[in-house]
>>> print(open('structure-v1.csv').read())   # CSV, C-alpha atoms and all ligand atoms
chain,number,residue,atom,x,y,z
F,198,MET,CA,-7.1,-29.8,41.7
F,199,THR,CA,-10.4,-28.4,42.9
F,200,ALA,CA,-13.7,-30.3,42.8
F,201,ASN,CA,-14.7,-28.0,40.0
F,202,THR,CA,-11.7,-29.1,37.9
F,203,HIS,CA,-12.9,-32.8,38.1
F,204,ARG,CA,-16.2,-31.9,36.5
F,205,LYS,CA,-14.6,-30.3,33.4
F,206,THR,CA,-13.7,-32.3,30.3
F,207,PRO,CA,-10.0,-32.9,30.1
F,208,VAL,CA,-8.4,-31.4,27.0
F,209,THR,CA,-5.2,-32.1,25.2
F,210,LEU,CA,-3.8,-29.3,23.0
F,211,LEU,CA,-1.1,-29.9,20.4
F,212,GLY,CA,0.5,-26.6,19.3
F,213,LEU,CA,1.5,-23.7,21.4
F,214,GLY,CA,2.0,-21.0,18.9
F,215,ALA,CA,0.4,-17.6,19.4
F,216,MET,CA,-3.1,-19.0,18.9
F,217,GLY,CA,-2.5,-22.3,20.7
F,218,THR,CA,-1.2,-20.5,23.8
F,219,ALA,CA,-4.2,-18.2,23.8
F,220,LEU,CA,-6.6,-21.1,23.6
F,221,ALA,CA,-4.7,-23.0,26.3
F,222,ARG,CA,-5.0,-20.2,28.8
F,223,THR,CA,-8.8,-20.1,28.5
F,224,TRP,CA,-9.2,-23.8,29.2
F,225,LEU,CA,-6.9,-23.5,32.2
F,226,ALA,CA,-8.8,-20.5,33.5
F,227,ALA,CA,-12.1,-22.4,33.1
F,228,GLY,CA,-10.8,-25.3,35.1
F,229,HIS,CA,-10.3,-27.9,32.4
F,230,PRO,CA,-7.5,-30.3,33.1
F,231,LEU,CA,-5.2,-29.4,30.2
F,232,THR,CA,-2.3,-31.4,28.7
F,233,VAL,CA,-0.2,-29.6,26.2
F,234,TRP,CA,2.5,-30.6,23.7
F,235,ASN,CA,4.6,-28.4,21.5
F,236,ARG,CA,7.5,-29.3,19.1
F,237,THR,CA,9.6,-26.7,20.8
F,238,PRO,CA,9.2,-27.5,24.5
F,239,ALA,CA,10.3,-24.1,25.8
F,240,ARG,CA,7.0,-22.6,24.6
F,241,ALA,CA,5.1,-24.8,27.2
F,242,GLU,CA,7.0,-23.5,30.2
F,243,ALA,CA,4.8,-20.6,31.1
F,244,LEU,CA,1.7,-22.8,30.7
F,245,ALA,CA,3.2,-25.4,33.0
F,246,ALA,CA,3.6,-22.7,35.6
F,247,GLU,CA,-0.1,-21.9,35.1
F,248,GLY,CA,-1.2,-25.5,35.7
F,249,ALA,CA,-1.0,-27.3,32.4
F,250,LYS,CA,0.5,-30.8,32.3
F,251,VAL,CA,3.3,-30.8,29.7
F,252,ALA,CA,3.6,-34.0,27.7
F,253,ASP,CA,7.1,-35.1,26.5
F,254,SER,CA,5.7,-36.6,23.3
F,255,VAL,CA,2.6,-36.4,21.0
F,256,ALA,CA,1.8,-40.0,22.0
F,257,GLU,CA,1.7,-39.1,25.7
F,258,ALA,CA,-0.4,-36.0,25.0
F,259,VAL,CA,-2.9,-37.9,22.9
F,260,ALA,CA,-3.2,-40.6,25.5
F,261,ALA,CA,-4.0,-38.1,28.2
F,262,SER,CA,-7.5,-37.0,27.0
F,263,THR,CA,-10.2,-38.2,24.7
F,264,LEU,CA,-10.7,-34.6,23.4
F,265,VAL,CA,-7.5,-33.8,21.4
F,266,VAL,CA,-7.4,-30.2,19.9
F,267,VAL,CA,-4.8,-29.5,17.3
F,268,CYS,CA,-3.7,-26.0,16.4
F,269,LEU,CA,-0.5,-26.2,14.3
F,270,LEU,CA,0.8,-24.1,11.5
F,271,ASP,CA,-0.7,-26.0,8.5
F,272,ASP,CA,-1.9,-29.4,7.4
F,273,ALA,CA,1.6,-30.7,6.7
F,274,SER,CA,2.6,-30.0,10.3
F,275,VAL,CA,-0.5,-31.8,11.6
F,276,GLY,CA,0.5,-34.9,9.5
F,277,THR,CA,4.0,-34.7,10.8
F,278,ALA,CA,3.1,-34.2,14.4
F,279,LEU,CA,0.4,-37.0,14.5
F,280,ASP,CA,2.3,-39.5,12.4
F,281,GLY,CA,2.5,-42.7,14.3
F,282,ALA,CA,0.3,-41.5,17.2
F,283,ASP,CA,-2.4,-44.0,18.4
F,284,LEU,CA,-5.7,-42.1,17.7
F,285,THR,CA,-8.0,-45.0,18.6
F,286,GLY,CA,-11.0,-43.7,20.5
F,287,ARG,CA,-9.9,-40.1,20.4
F,288,ASP,CA,-12.0,-37.1,19.4
F,289,LEU,CA,-9.8,-35.0,17.2
F,290,VAL,CA,-10.7,-31.4,16.7
F,291,ASN,CA,-8.4,-29.7,14.2
F,292,LEU,CA,-8.3,-25.9,14.4
F,293,THR,CA,-5.4,-25.6,12.0
F,294,THR,CA,-6.1,-23.5,8.9
F,295,THR,CA,-6.3,-25.7,5.9
F,296,THR,CA,-8.1,-25.9,2.5
F,297,PRO,CA,-11.5,-27.7,2.4
F,298,ALA,CA,-9.9,-30.6,0.5
F,299,GLN,CA,-7.2,-31.0,3.2
F,300,ALA,CA,-9.9,-30.9,5.9
F,301,ARG,CA,-11.8,-33.7,4.2
F,302,ALA,CA,-8.7,-35.8,3.6
F,303,ARG,CA,-7.7,-35.2,7.3
F,304,ALA,CA,-11.1,-36.3,8.4
F,305,ALA,CA,-10.9,-39.6,6.4
F,306,TRP,CA,-7.3,-40.0,7.7
F,307,ALA,CA,-8.4,-39.6,11.3
F,308,GLU,CA,-11.3,-42.0,10.9
F,309,GLU,CA,-9.1,-44.7,9.3
F,310,ARG,CA,-7.1,-44.4,12.6
F,311,GLY,CA,-10.1,-44.9,14.8
F,312,ALA,CA,-10.7,-41.3,15.7
F,313,ARG,CA,-13.8,-39.1,15.4
F,314,TYR,CA,-13.1,-35.8,13.7
F,315,LEU,CA,-14.2,-32.3,13.7
F,316,ASP,CA,-12.7,-29.5,11.7
F,317,GLY,CA,-12.5,-25.9,12.8
F,318,GLY,CA,-11.8,-22.5,11.2
F,319,ILE,CA,-10.8,-19.8,13.6
F,320,MET,CA,-12.4,-16.4,13.0
F,321,ALA,CA,-10.4,-14.6,15.7
F,322,VAL,CA,-6.9,-13.4,16.4
F,323,PRO,CA,-5.2,-14.3,19.6
F,324,PRO,CA,-6.1,-11.1,21.6
F,325,MET,CA,-9.8,-11.9,20.9
F,326,VAL,CA,-9.6,-15.3,22.5
F,327,GLY,CA,-11.2,-15.5,25.9
F,328,ILE,CA,-13.0,-12.2,25.5
F,329,PRO,CA,-16.6,-12.8,24.5
F,330,GLU,CA,-17.2,-9.1,23.7
F,331,ALA,CA,-14.5,-9.3,21.0
F,332,GLY,CA,-16.9,-11.4,18.9
F,333,GLY,CA,-14.5,-14.1,17.9
F,334,TYR,CA,-15.7,-17.6,17.0
F,335,VAL,CA,-14.8,-20.8,15.3
F,336,PHE,CA,-16.6,-22.5,12.4
F,337,TYR,CA,-17.0,-26.2,13.0
F,338,SER,CA,-17.9,-28.9,10.5
F,339,GLY,CA,-18.0,-32.7,10.6
F,340,SER,CA,-20.0,-34.9,12.9
F,341,ARG,CA,-22.8,-32.9,14.5
F,342,GLU,CA,-23.0,-35.5,17.2
F,343,LEU,CA,-19.4,-34.9,18.1
F,344,PHE,CA,-19.8,-31.1,17.9
F,345,GLU,CA,-22.8,-31.3,20.3
F,346,LEU,CA,-20.8,-33.6,22.7
F,347,HIS,CA,-17.9,-31.2,23.0
F,348,ARG,CA,-19.8,-27.9,22.3
F,349,GLU,CA,-19.4,-26.6,25.9
F,350,SER,CA,-15.7,-27.3,26.1
F,351,LEU,CA,-15.1,-25.9,22.6
F,352,ALA,CA,-17.0,-22.7,23.5
F,353,VAL,CA,-14.6,-21.8,26.3
F,354,PRO,CA,-12.0,-19.9,24.2
F,355,VAL,CA,-14.4,-18.2,21.7
F,356,GLY,CA,-17.9,-18.7,20.3
F,357,THR,CA,-18.9,-21.6,18.0
F,358,ALA,CA,-20.7,-21.8,14.7
F,359,TYR,CA,-21.5,-25.3,13.3
F,360,VAL,CA,-21.8,-25.2,9.5
F,361,GLY,CA,-22.5,-28.8,8.5
F,362,GLU,CA,-21.5,-32.5,8.3
F,363,ASP,CA,-19.1,-32.0,5.4
F,364,ALA,CA,-15.7,-31.8,7.1
F,365,GLY,CA,-14.5,-29.3,4.5
F,366,PHE,CA,-17.2,-26.7,5.2
F,367,ALA,CA,-15.5,-25.0,8.2
F,368,ALA,CA,-12.4,-24.4,6.1
F,369,LEU,CA,-14.5,-23.2,3.2
F,370,HIS,CA,-16.4,-20.7,5.4
F,371,ASP,CA,-13.1,-19.6,6.9
F,372,VAL,CA,-11.4,-19.1,3.6
F,373,ALA,CA,-14.4,-17.4,2.0
F,374,LEU,CA,-14.7,-14.8,4.8
F,375,LEU,CA,-10.9,-14.2,4.8
F,376,SER,CA,-10.9,-13.8,1.0
F,377,ALA,CA,-13.6,-11.1,1.3
F,378,MET,CA,-11.5,-9.5,4.0
F,379,TYR,CA,-8.4,-9.4,1.7
F,380,GLY,CA,-10.6,-7.8,-1.1
F,381,MET,CA,-11.6,-5.1,1.3
F,382,PHE,CA,-8.0,-4.6,2.5
F,383,ALA,CA,-7.0,-4.2,-1.2
F,384,GLY,CA,-9.6,-1.5,-1.7
F,385,ALA,CA,-8.5,0.4,1.4
F,386,SER,CA,-4.8,0.1,0.5
F,387,HIS,CA,-5.6,1.6,-3.0
F,388,ALA,CA,-7.6,4.4,-1.4
F,389,PHE,CA,-4.8,5.4,1.0
F,390,ALA,CA,-2.3,5.2,-1.9
F,391,LEU,CA,-4.4,7.7,-3.8
F,392,ILE,CA,-4.2,10.3,-1.1
F,393,ARG,CA,-0.6,9.6,-0.2
F,394,GLY,CA,1.6,12.5,-1.1
F,395,GLU,CA,-1.2,15.0,-0.9
F,396,ASP,CA,-2.0,17.4,1.9
F,397,ILE,CA,-4.6,15.0,3.3
F,398,ASP,CA,-4.3,13.6,6.8
F,399,PRO,CA,-4.7,9.8,6.6
F,400,VAL,CA,-6.0,9.9,10.2
F,401,ALA,CA,-8.8,12.3,9.2
F,402,PHE,CA,-9.4,10.3,6.0
F,403,ALA,CA,-9.7,7.0,7.9
F,404,PRO,CA,-13.2,7.4,9.3
F,405,LEU,CA,-14.5,8.6,5.9
F,406,LEU,CA,-13.1,5.5,4.3
F,407,GLY,CA,-14.3,3.2,7.1
F,408,ASP,CA,-17.8,4.6,7.2
F,409,TRP,CA,-18.1,4.4,3.4
F,410,VAL,CA,-16.9,0.7,3.3
F,411,ARG,CA,-19.3,-0.2,6.1
F,412,ALA,CA,-22.2,1.5,4.4
F,413,MET,CA,-21.6,-0.2,1.1
F,414,VAL,CA,-20.6,-3.7,2.1
F,415,GLY,CA,-23.7,-4.7,4.0
F,416,PRO,CA,-26.2,-3.9,1.3
F,417,MET,CA,-23.9,-5.4,-1.4
F,418,VAL,CA,-23.5,-8.7,0.5
F,419,ASP,CA,-27.3,-8.9,1.3
F,420,GLY,CA,-28.3,-7.9,-2.3
F,421,THR,CA,-25.9,-10.4,-3.9
F,422,ALA,CA,-27.1,-13.2,-1.6
F,423,ARG,CA,-30.8,-12.4,-2.5
F,424,GLY,CA,-29.9,-12.2,-6.2
F,425,LEU,CA,-28.0,-15.5,-6.2
F,426,ALA,CA,-30.9,-17.2,-4.3
F,427,SER,CA,-33.6,-15.9,-6.6
F,428,GLY,CA,-31.8,-15.7,-9.9
F,429,ALA,CA,-32.9,-12.1,-10.3
F,430,TYR,CA,-29.7,-10.2,-11.2
F,431,ASP,CA,-31.2,-7.0,-12.4
F,432,ASP,CA,-30.0,-3.8,-10.7
F,433,SER,CA,-31.7,-0.7,-11.9
F,434,GLU,CA,-29.8,1.6,-9.5
F,435,SER,CA,-26.2,0.6,-10.0
F,436,ASN,CA,-26.1,-1.5,-13.1
F,437,LEU,CA,-22.9,-2.8,-14.8
F,438,ALA,CA,-23.3,-0.4,-17.8
F,439,MET,CA,-23.1,2.6,-15.5
F,440,GLN,CA,-20.3,1.2,-13.5
F,441,VAL,CA,-18.2,0.2,-16.5
F,442,ALA,CA,-18.6,3.7,-17.9
F,443,GLY,CA,-17.1,5.0,-14.7
F,444,THR,CA,-14.0,2.9,-14.7
F,445,PRO,CA,-11.8,5.2,-16.8
F,446,THR,CA,-12.2,7.9,-14.2
F,447,PHE,CA,-10.8,5.5,-11.5
F,448,LEU,CA,-7.9,4.3,-13.7
F,449,THR,CA,-7.0,7.8,-14.9
F,450,THR,CA,-7.1,9.1,-11.3
F,451,ALA,CA,-4.7,6.4,-10.3
F,452,GLU,CA,-2.4,7.3,-13.1
F,453,GLU,CA,-2.6,11.0,-12.2
F,454,GLN,CA,-1.8,10.2,-8.6
F,455,GLY,CA,1.1,8.0,-9.5
F,456,VAL,CA,-0.7,4.9,-8.1
F,457,SER,CA,-0.5,1.4,-9.6
F,458,PRO,CA,-4.0,0.2,-10.6
F,459,GLU,CA,-2.9,-3.4,-9.9
F,460,LEU,CA,-5.5,-4.0,-7.2
F,461,ILE,CA,-8.5,-2.5,-8.8
F,462,ARG,CA,-7.9,-3.2,-12.5
F,463,PRO,CA,-8.9,-7.0,-12.2
F,464,TYR,CA,-12.3,-6.1,-10.8
F,465,PHE,CA,-12.9,-3.6,-13.6
F,466,GLU,CA,-12.0,-6.2,-16.2
F,467,LEU,CA,-14.4,-8.6,-14.6
F,468,MET,CA,-17.2,-5.9,-14.7
F,469,ARG,CA,-16.4,-5.3,-18.4
F,470,ARG,CA,-16.6,-9.1,-19.1
F,471,GLY,CA,-19.9,-9.2,-17.1
F,472,LEU,CA,-21.4,-6.4,-19.1
F,473,ALA,CA,-20.5,-8.1,-22.4
F,474,ALA,CA,-21.9,-11.4,-21.2
F,475,SER,CA,-25.1,-10.3,-19.5
F,476,GLY,CA,-26.3,-6.9,-20.8
F,477,ALA,CA,-26.7,-3.5,-19.4
F,478,GLY,CA,-29.4,-4.1,-16.8
F,479,GLU,CA,-27.6,-6.5,-14.5
F,480,GLY,CA,-25.6,-5.6,-11.5
F,481,THR,CA,-22.5,-7.0,-9.9
F,482,THR,CA,-24.3,-10.2,-8.7
F,483,SER,CA,-23.8,-11.7,-12.2
F,484,LEU,CA,-20.0,-11.4,-11.6
F,485,VAL,CA,-20.1,-14.2,-9.1
F,486,ASP,CA,-21.1,-16.7,-11.8
F,487,LEU,CA,-18.4,-15.4,-14.1
F,488,LEU,CA,-15.8,-16.2,-11.4
F,489,VAL,CA,-16.9,-19.8,-11.1
F,490,ARG,CA,-14.9,-22.0,-13.5
F,491,LYS,CA,-17.2,-24.5,-15.2
F,492,GLY,CA,-16.2,-28.2,-15.4
Z,501,LIG,N1,-2.5,-16.1,14.9
Z,501,LIG,C1,-3.5,-15.7,14.1
Z,501,LIG,O1,-3.8,-14.5,14.1
Z,501,LIG,C2,-4.3,-16.6,13.3
Z,501,LIG,C3,-5.8,-16.4,13.5
Z,501,LIG,C4,-6.7,-17.3,12.7
Z,501,LIG,C5,-6.2,-18.8,12.8
Z,501,LIG,N2,-4.8,-18.9,12.6
Z,501,LIG,C6,-4.4,-20.3,12.4
Z,501,LIG,O2,-4.1,-20.9,13.6
Z,501,LIG,C7,-3.1,-21.9,13.4
Z,501,LIG,C8,-2.0,-21.7,14.4
Z,501,LIG,O3,-1.5,-20.3,14.3
Z,501,LIG,P1,-0.5,-19.7,15.3
Z,501,LIG,O4,-0.8,-18.2,15.4
Z,501,LIG,O5,-0.5,-20.4,16.6
Z,501,LIG,O6,0.9,-19.9,14.6
Z,501,LIG,P2,2.3,-19.9,15.1
Z,501,LIG,O7,2.5,-18.9,16.2
Z,501,LIG,O8,3.2,-19.7,13.9
Z,501,LIG,O9,2.6,-21.3,15.7
Z,501,LIG,C9,2.7,-22.5,14.8
Z,501,LIG,C10,2.6,-23.7,15.6
Z,501,LIG,O10,2.8,-24.8,14.8
Z,501,LIG,C11,3.9,-25.6,15.2
Z,501,LIG,N3,4.6,-26.3,14.1
Z,501,LIG,C12,5.0,-25.7,12.9
Z,501,LIG,N4,5.5,-26.6,12.1
Z,501,LIG,C13,5.4,-27.8,12.8
Z,501,LIG,C14,5.8,-29.1,12.5
Z,501,LIG,N5,6.4,-29.5,11.3
Z,501,LIG,N6,5.6,-30.1,13.5
Z,501,LIG,C15,5.1,-29.8,14.6
Z,501,LIG,N7,4.7,-28.5,15.0
Z,501,LIG,C16,4.9,-27.6,14.1
Z,501,LIG,C17,4.8,-24.6,15.9
Z,501,LIG,O11,5.7,-25.3,16.8
Z,501,LIG,P3,7.1,-24.6,17.2
Z,501,LIG,O12,7.6,-23.8,16.0
Z,501,LIG,O13,6.8,-23.7,18.4
Z,501,LIG,O14,8.0,-25.7,17.5
Z,501,LIG,C18,3.7,-23.8,16.7
Z,501,LIG,O15,3.3,-24.5,17.8
Z,501,LIG,C19,-2.6,-21.7,12.0
Z,501,LIG,O16,-3.1,-22.7,11.1
Z,501,LIG,C20,-3.1,-20.3,11.6
Z,501,LIG,O17,-3.3,-20.2,10.2
Z,501,LIG,C21,-4.0,-18.1,13.5
>>> encode(input="structure-v1.csv", output="structure tokens")
Amino acid sequence: MTANTHRKTPVTLLGLGAMGTALARTWLAAGHPLTVWNRTPARAEALAAEGAKVADSVAEAVAASTLVVVCLLDDASVGTALDGADLTGRDLVNLTTTTPAQARARAAWAEERGARYLDGGIMAVPPMVGIPEAGGYVFYSGSRELFELHRESLAVPVGTAYVGEDAGFAALHDVALLSAMYGMFAGASHAFALIRGEDIDPVAFAPLLGDWVRAMVGPMVDGTARGLASGAYDDSESNLAMQVAGTPTFLTTAEEQGVSPELIRPYFELMRRGLAASGAGEGTTSLVDLLVRKG
């Protein structure tokens, strides 16, 4: 160990899947003493050769460092792995993707066992980890004090974004952003399906699609946010009446091209419901409220 290693916070990492392994390498490269545990020990072998200490059990791994980072498959695997481990005095940082309710319950569970808790939602894929220019980051929520205490160590693999004391907020931000991503993926899949089978090169089509989505999504996101904040849902340029009138064109084109409308039809039905509920002058901002189930 070098003198530099001694100054860095020791980290324990539970979980050496694709993401855990990528995280581990950055802490090792930055000189943090790293103890790792994985259910399948063979996955730790390469990291052992790179300088990680491999624990034989979760208990041994948790005992090795105050800062214990968990990156397992899901909340159930976190419960299984940590069942029976002594968490007293540990700072548990859970980067496993969960629901907000699972994150809140896991925070209470950890605190009952004498640990401090931070939840994280990873906005990166493994190749982005350790590469600042890639723009990856982790949402953190829970104790701000704990976040500030470990901010420097947590910022080693990717950037950090603290989003509040509520332990469920990191998961909520994570799932909200990923849900928007899937909506965009759905639209792009439908667009490619429409041109499939025609003499249109998908590679030439891709930049047209990408540029259009990028041009539309920024103003839509900003305009919706402003509307929700102010309560002014009017949209004189692209109101719901105009948009609903256009939906048969999209559905008929899908039919003509032999494409299932299953991805776009639900949004069109929501727009129709919005028009009926709100009137012609409002835009798509009002649809947000229609999605929220009351009570
Ligand atoms: N990889 C990605 O692109 C995404 C990016 C965004 C964030 N996610 C989340 O990160 C968590 C871990 O994902 P991962 O990519 O490391 O996942 P896997 O490669 O499948 O590794 C899963 C690890 O979990 C261990 N594990 C599974 N079940 C159990 C269990 N019952 N008890 C103990 N450990 C368990 C598994 O162990 P093993 O199969 O090697 O023995 C791996 O270590 C995840 O929440 C993503 O949603 C990644």
>>> residues_around(input="structure-v1.csv", residues="Ser433 (chain F)", least_positions_apart="3", cutoff="9 Å", atoms="only C-alpha atoms", output="list in words")
Asn436, Gly478, Glu479 and Gly480 of chain F
>>> residues_around(input="structure-v1.csv", residues="region 398-415 of chain F", least_positions_apart="6", cutoff="12 Å", atoms="only C-alpha atoms", output="MDAnalysis selection string")
chainID F and resid 377:378 380:392 421:422
>>> residues_near_ligand(input="structure-v1.csv", ligand="ligand LIG 501 (chain Z)", cutoff="9 Å", atoms="only C-alpha atoms and all ligand atoms", output="ChimeraX atom specification")
/F:211-219,234-240,267-279,292-295,318-324,371
>>> closest_residue(input="structure-v1.csv", among="F:Pro297, F:Leu220, F:Leu369, F:Asp432", to="Tyr334 (chain F)", atoms="all atoms listed in the file")
F:Leu220
>>> atom_distance(input="structure-v1.csv", atom1="CA of Pro458 (chain F)", atom2="CA of Ser376 (chain F)")
19.4 Å
>>> closest_residue(input="structure-v1.csv", among="F:Ser435, F:Ser350, F:Thr357, F:Ser340", to="Pro207 (chain F)", atoms="all atoms listed in the file")
F:Ser350
>>> closest_residue(input="structure-v1.csv", among="F:Pro463, F:Gly443, F:Gly333, F:Gly424", to="Val353 (chain F)", atoms="only C-alpha atoms")
F:Gly333
>>> atom_distance(input="structure-v1.csv", atom1="CA of Ala358 (chain F)", atom2="CA of Gly327 (chain F)")
16.0 Å
>>> atom_distance(input="structure-v1.csv", atom1="CA of Leu351 (chain F)", atom2="CA of Gly281 (chain F)")
25.7 Å
>>> closest_residue(input="structure-v1.csv", among="F:Thr482, F:Gly286, F:Val441, F:Leu467", to="Ala426 (chain F)", atoms="only C-alpha atoms")
F:Thr482
>>> closest_residue(input="structure-v1.csv", among="F:Leu315, F:Leu284, F:Ala256, F:Val326", to="Trp224 (chain F)", atoms="all atoms listed in the file")
F:Val326
>>> residues_near_point(input="structure-v1.csv", point="(-17.8, -27.2, 1.9)", cutoff="12 Å", atoms="all atoms listed in the file", output="NGL selection string")
:F and (296-301 or 316 or 336-339 or 360-373)
>>> write_last_selection(input="structure-v1.csv", atoms="C-alpha atoms", output="CSV table (one decimal), in the frame of the given file")
chain,number,residue,atom,x,y,z
F,296,THR,CA,-8.1,-25.9,2.5
F,297,PRO,CA,-11.5,-27.7,2.4
F,298,ALA,CA,-9.9,-30.6,0.5
F,299,GLN,CA,-7.2,-31.0,3.2
F,300,ALA,CA,-9.9,-30.9,5.9
F,301,ARG,CA,-11.8,-33.7,4.2
F,316,ASP,CA,-12.7,-29.5,11.7
F,336,PHE,CA,-16.6,-22.5,12.4
F,337,TYR,CA,-17.0,-26.2,13.0
F,338,SER,CA,-17.9,-28.9,10.5
F,339,GLY,CA,-18.0,-32.7,10.6
F,360,VAL,CA,-21.8,-25.2,9.5
F,361,GLY,CA,-22.5,-28.8,8.5
F,362,GLU,CA,-21.5,-32.5,8.3
F,363,ASP,CA,-19.1,-32.0,5.4
F,364,ALA,CA,-15.7,-31.8,7.1
F,365,GLY,CA,-14.5,-29.3,4.5
F,366,PHE,CA,-17.2,-26.7,5.2
F,367,ALA,CA,-15.5,-25.0,8.2
F,368,ALA,CA,-12.4,-24.4,6.1
F,369,LEU,CA,-14.5,-23.2,3.2
F,370,HIS,CA,-16.4,-20.7,5.4
F,371,ASP,CA,-13.1,-19.6,6.9
F,372,VAL,CA,-11.4,-19.1,3.6
F,373,ALA,CA,-14.4,-17.4,2.0
>>> closest_residue(input="structure-v1.csv", among="F:Pro416, F:Gly311, F:Pro354, F:Pro329", to="Thr223 (chain F)", atoms="all atoms listed in the file")
F:Pro354
>>> residues_around(input="structure-v1.csv", residues="Arg470 (chain F)", least_positions_apart="4", cutoff="10 Å", atoms="all atoms listed in the file", output="compact mmCIF listing (two decimals) with C-alpha atoms, keeping the file's coordinate frame")
# COMPACT_ATOMS: atom_id res chain seq x y z
CA LEU F 437 -22.90 -2.80 -14.80
CA VAL F 441 -18.20 0.20 -16.50
CA TYR F 464 -12.30 -6.10 -10.80
CA PHE F 465 -12.90 -3.60 -13.60
CA GLU F 466 -12.00 -6.20 -16.20
CA ALA F 474 -21.90 -11.40 -21.20
CA SER F 475 -25.10 -10.30 -19.50
CA LEU F 484 -20.00 -11.40 -11.60
CA LEU F 487 -18.40 -15.40 -14.10
>>> residues_around(input="structure-v1.csv", residues="region 242-253 of chain F", least_positions_apart="3", cutoff="6 Å", atoms="all atoms listed in the file", output="list in words")
Leu231, Thr232, Val233, Trp234, Ala239, Glu257 and Ala258 of chain F
